[in-house]
Every structure is written in C-alpha cells, then in structure tokens.
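Right, one structure below, let's go through it.
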Amino acid sequence: MGYTEKQESLVNTSWESFKQNLSGNSVLFYTIILEKAPAAKDLFSFLKGTAGVQDSPKLQAHAEKVFGLVRDSAGQLRATGTVVLGDATLGAIHIQKGVVDPHFVVVKEALLKTIKESSGDKWSDELSTAWEVAYDALAAAIKKAMS
C-alpha cells in the first residue's frame, strides 16, 4: 500500500504544530540526539564548542530544514511513491561530516520524540508511522546519494 493522503495530512498538520515552537522544539531535537550520541555534537557546526544545546538561529534553521525535508518526503511519497532529493549535495555533505548509518537511527528517534512532544494529545501510532515512513524514505535517498 502506498503513502496515503491521510498520512501526508498528518505529517503536514504536525509540521505546523512543530513550527509553532520552533525554538523549543529545535533545542529538544538536538538535546535528544546528543543524549543518544554525545559524539555527534561535532557533526553540527552550530554545536561545536558549546556547552550543551544552545538555541540559535543556525540551530533552528537546521532543525526546520531536517523536519521540512521529511515533510516534503511525505508529499513526494504521496504523489510519486518515491523520494528524490531536491538538493543533490546532501549526500556529499553527510559524507564530509562523517555521518554513518547509526546516526540516521538516532536522528529518526529524536525526530519522532520531538514530533510526539510538539503534537501533544494529537499524537498517535498512525501519526508516528506517517513520520517514520517519510523519514525512512528520505534517509534511504540520502544514503543512496552517499554511495
């Protein structure tokens, strides 16, 4: 079964909720990543040399880009059943930063926990699955671009 209109709608609605508190949700997202993988701190230029996760325009912009790419992936999955990277440099950037497979797992977990927090009582297994499927398709496209 393909990605459904309802799944895309769930992702879009929760994306809007996420953006309502971009600052807090961005800090939460990177805090969860560093709790799971402290060494990942050096992968993010805006976290290097900082004590923990500090809110900043660069941190918010990166979080918005990550979550936005997943939201865009949901739209692509619904429309075409596949995800094509709009930014051909994403693979090279991830290689340059030293991103490896386990990092994708950590980011997925942090993304889902952040969406759960920002969605509040709208959180459901169906919402989680919609984000998971879109994230997995995006991660696969980035990994393909890395090879």
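Chain labels A, B, ... are given in the sequence in which chains occur in the structure tokens; within each chain residues are numbered consecutively from 1, and ligands are likewise numbered from 1 in the order shown.
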
**Q.** Contact residues around region 68-71 of chain A with only C-alpha atoms at 9 Å, ignoring same-chain residues under 4 positions, as a list in words
**A.**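 My list of contacting residues is Glu8, Val11, Asn12, Trp15, Ala63, Glu64, Gly75, Gln76, Leu85, Trp131, Ala134, Tyr135, Asp136, Ala137 and Leu138 of chain A.
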
Could you save those same residues with N, CA and C atoms as a compact mmCIF listing (two decimals), in the first residue's frame?
```txt
# COMPACT_ATOMS: atom_id res chain seq x y z
N GLU A 8 -0.07 11.93 4.66
CA GLU A 8 0.51 13.21 4.27
C GLU A 8 -0.12 14.34 5.09
N VAL A 11 1.26 14.39 8.66
CA VAL A 11 2.60 14.98 8.70
C VAL A 11 2.51 16.50 8.55
N ASN A 12 1.72 16.98 7.60
CA ASN A 12 1.61 18.42 7.39
C ASN A 12 1.05 19.14 8.61
N TRP A 15 3.64 19.11 11.36
CA TRP A 15 4.72 20.02 10.95
C TRP A 15 4.36 21.44 11.38
N ALA A 63 17.17 22.52 12.15
CA ALA A 63 16.05 21.68 12.58
C ALA A 63 14.87 21.86 11.62
N GLU A 64 14.59 23.09 11.25
CA GLU A 64 13.48 23.36 10.34
C GLU A 64 13.73 22.69 8.99
N GLY A 75 5.12 14.36 1.03
CA GLY A 75 4.42 14.82 -0.17
C GLY A 75 4.85 14.07 -1.41
N GLN A 76 6.16 13.82 -1.53
CA GLN A 76 6.67 13.08 -2.68
C GLN A 76 6.18 11.64 -2.67
N LEU A 85 15.91 13.58 -3.88
CA LEU A 85 16.48 14.73 -3.18
C LEU A 85 16.46 15.97 -4.06
N TRP A 131 5.27 9.72 9.94
CA TRP A 131 6.59 10.34 10.00
C TRP A 131 7.70 9.32 9.76
N ALA A 134 8.03 8.42 6.04
CA ALA A 134 8.60 9.55 5.29
C ALA A 134 10.09 9.72 5.62
N TYR A 135 10.44 9.60 6.90
CA TYR A 135 11.84 9.73 7.30
C TYR A 135 12.68 8.61 6.68
N ASP A 136 12.18 7.39 6.76
CA ASP A 136 12.93 6.25 6.21
C ASP A 136 13.19 6.42 4.71
N ALA A 137 12.21 6.95 3.99
CA ALA A 137 12.39 7.17 2.55
C ALA A 137 13.42 8.26 2.29
N LEU A 138 13.38 9.32 3.09
CA LEU A 138 14.37 10.39 2.96
C LEU A 138 15.77 9.86 3.30
```

(Q) Just want the 8 Å neighbourhood of region 119-124 of chain A, counted on only C-alpha atoms, with same-chain residues fewer than 5 positions away dropped. Output as a PyMOL selection string. (A) chain A and resi 14+17-18

Could you write out that same residue set with C-alpha atoms as an mmCIF file, in the first residue's frame?
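After the write, part.cif holds the following:
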```
data_model
loop_
_atom_site.group_PDB
_atom_site.id
_atom_site.type_symbol
_atom_site.label_atom_id
_atom_site.label_comp_id
_atom_site.auth_asym_id
_atom_site.auth_seq_id
_atom_site.Cartn_x
_atom_site.Cartn_y
_atom_site.Cartn_z
ATOM 1 C CA SER A 14 2.057 18.094 12.921
ATOM 2 C CA SER A 17 2.499 22.327 15.290
ATOM 3 C CA PHE A 18 6.268 21.802 15.322
#
```

Q. Contacts of region 89-96 of chain A at 9 Å or less, counting only C-alpha atoms, minus same-chain residues fewer than 2 places along, as a PyMOL selection string?
A. chain A and resi 85-87+98-100+141-147

Q) Which value, in Å to one decimal, gives the distance between CA of Ile115 (chain A) and CA of Thr31 (chain A)? A)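 That distance, rounded to one decimal, is 13.8 Å.
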
**Q.** Using only C-alpha atoms: which of A:Ser9, A:Tyr3, A:Glu35, A:Phe29 has the shortest distance to Phe67 (chain A)
**A.**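 Checking each candidate against Phe67 (chain A), we get A:Phe29 as the closest.
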
Q | Nearest residue to Lys6 (chain A) from the set A:Ala74, A:Gly81, A:Ala88, A:Lys108 (distances using only C-alpha atoms) | A |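 The shortest atom-to-atom distance to Lys6 (chain A) comes from A:Ala74.
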
Q) Taking into account only C-alpha atoms, which residue in the set A:Leu10, A:Asn21, A:Ser45, A:Glu5 is nearest to Ser128 (chain A)? A)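 Closest residue, counting only C-alpha atoms: A:Leu10.
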
Report as a compact mmCIF listing (two decimals) with all heavy atoms, in the first residue's frame all protein, DNA and RNA residues lying within 7 Å of region 59-62 of chain A, evaluated on only C-alpha atoms, omitting residues in the same chain fewer than 6 positions from it.
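Output below, filename result.txt:
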```
# COMPACT_ATOMS: atom_id res chain seq x y z
N LEU A 22 9.28 26.61 17.24
CA LEU A 22 10.50 26.18 16.55
C LEU A 22 11.70 26.20 17.48
O LEU A 22 12.50 25.27 17.51
CB LEU A 22 10.75 27.06 15.32
CG LEU A 22 11.97 26.69 14.47
CD1 LEU A 22 11.88 25.26 13.95
CD2 LEU A 22 12.13 27.67 13.31
N SER A 23 11.82 27.24 18.29
CA SER A 23 12.95 27.36 19.20
C SER A 23 13.00 26.19 20.18
O SER A 23 13.99 25.47 20.26
CB SER A 23 12.87 28.69 19.96
OG SER A 23 13.83 28.73 20.99
N SER A 26 13.45 22.77 18.44
CA SER A 26 14.80 22.60 17.89
C SER A 26 15.77 22.20 19.00
O SER A 26 16.58 21.28 18.83
CB SER A 26 15.27 23.90 17.23
OG SER A 26 14.45 24.24 16.16
N PHE A 46 27.10 24.33 14.38
CA PHE A 46 26.49 25.26 15.33
C PHE A 46 26.51 24.72 16.77
O PHE A 46 26.13 25.44 17.69
CB PHE A 46 25.06 25.61 14.91
CG PHE A 46 24.22 24.42 14.57
CD1 PHE A 46 23.55 23.70 15.55
CD2 PHE A 46 24.10 24.00 13.26
CE1 PHE A 46 22.79 22.59 15.23
CE2 PHE A 46 23.33 22.89 12.93
CZ PHE A 46 22.68 22.19 13.92
```

Q: Using backbone DSSP assignments, extract all alpha helix (DSSP H) residues from region 15-104 of chain A; output them as number ranges by chain.
A: A: 15-20, 22-36, 57-80, 90-97, 101-104
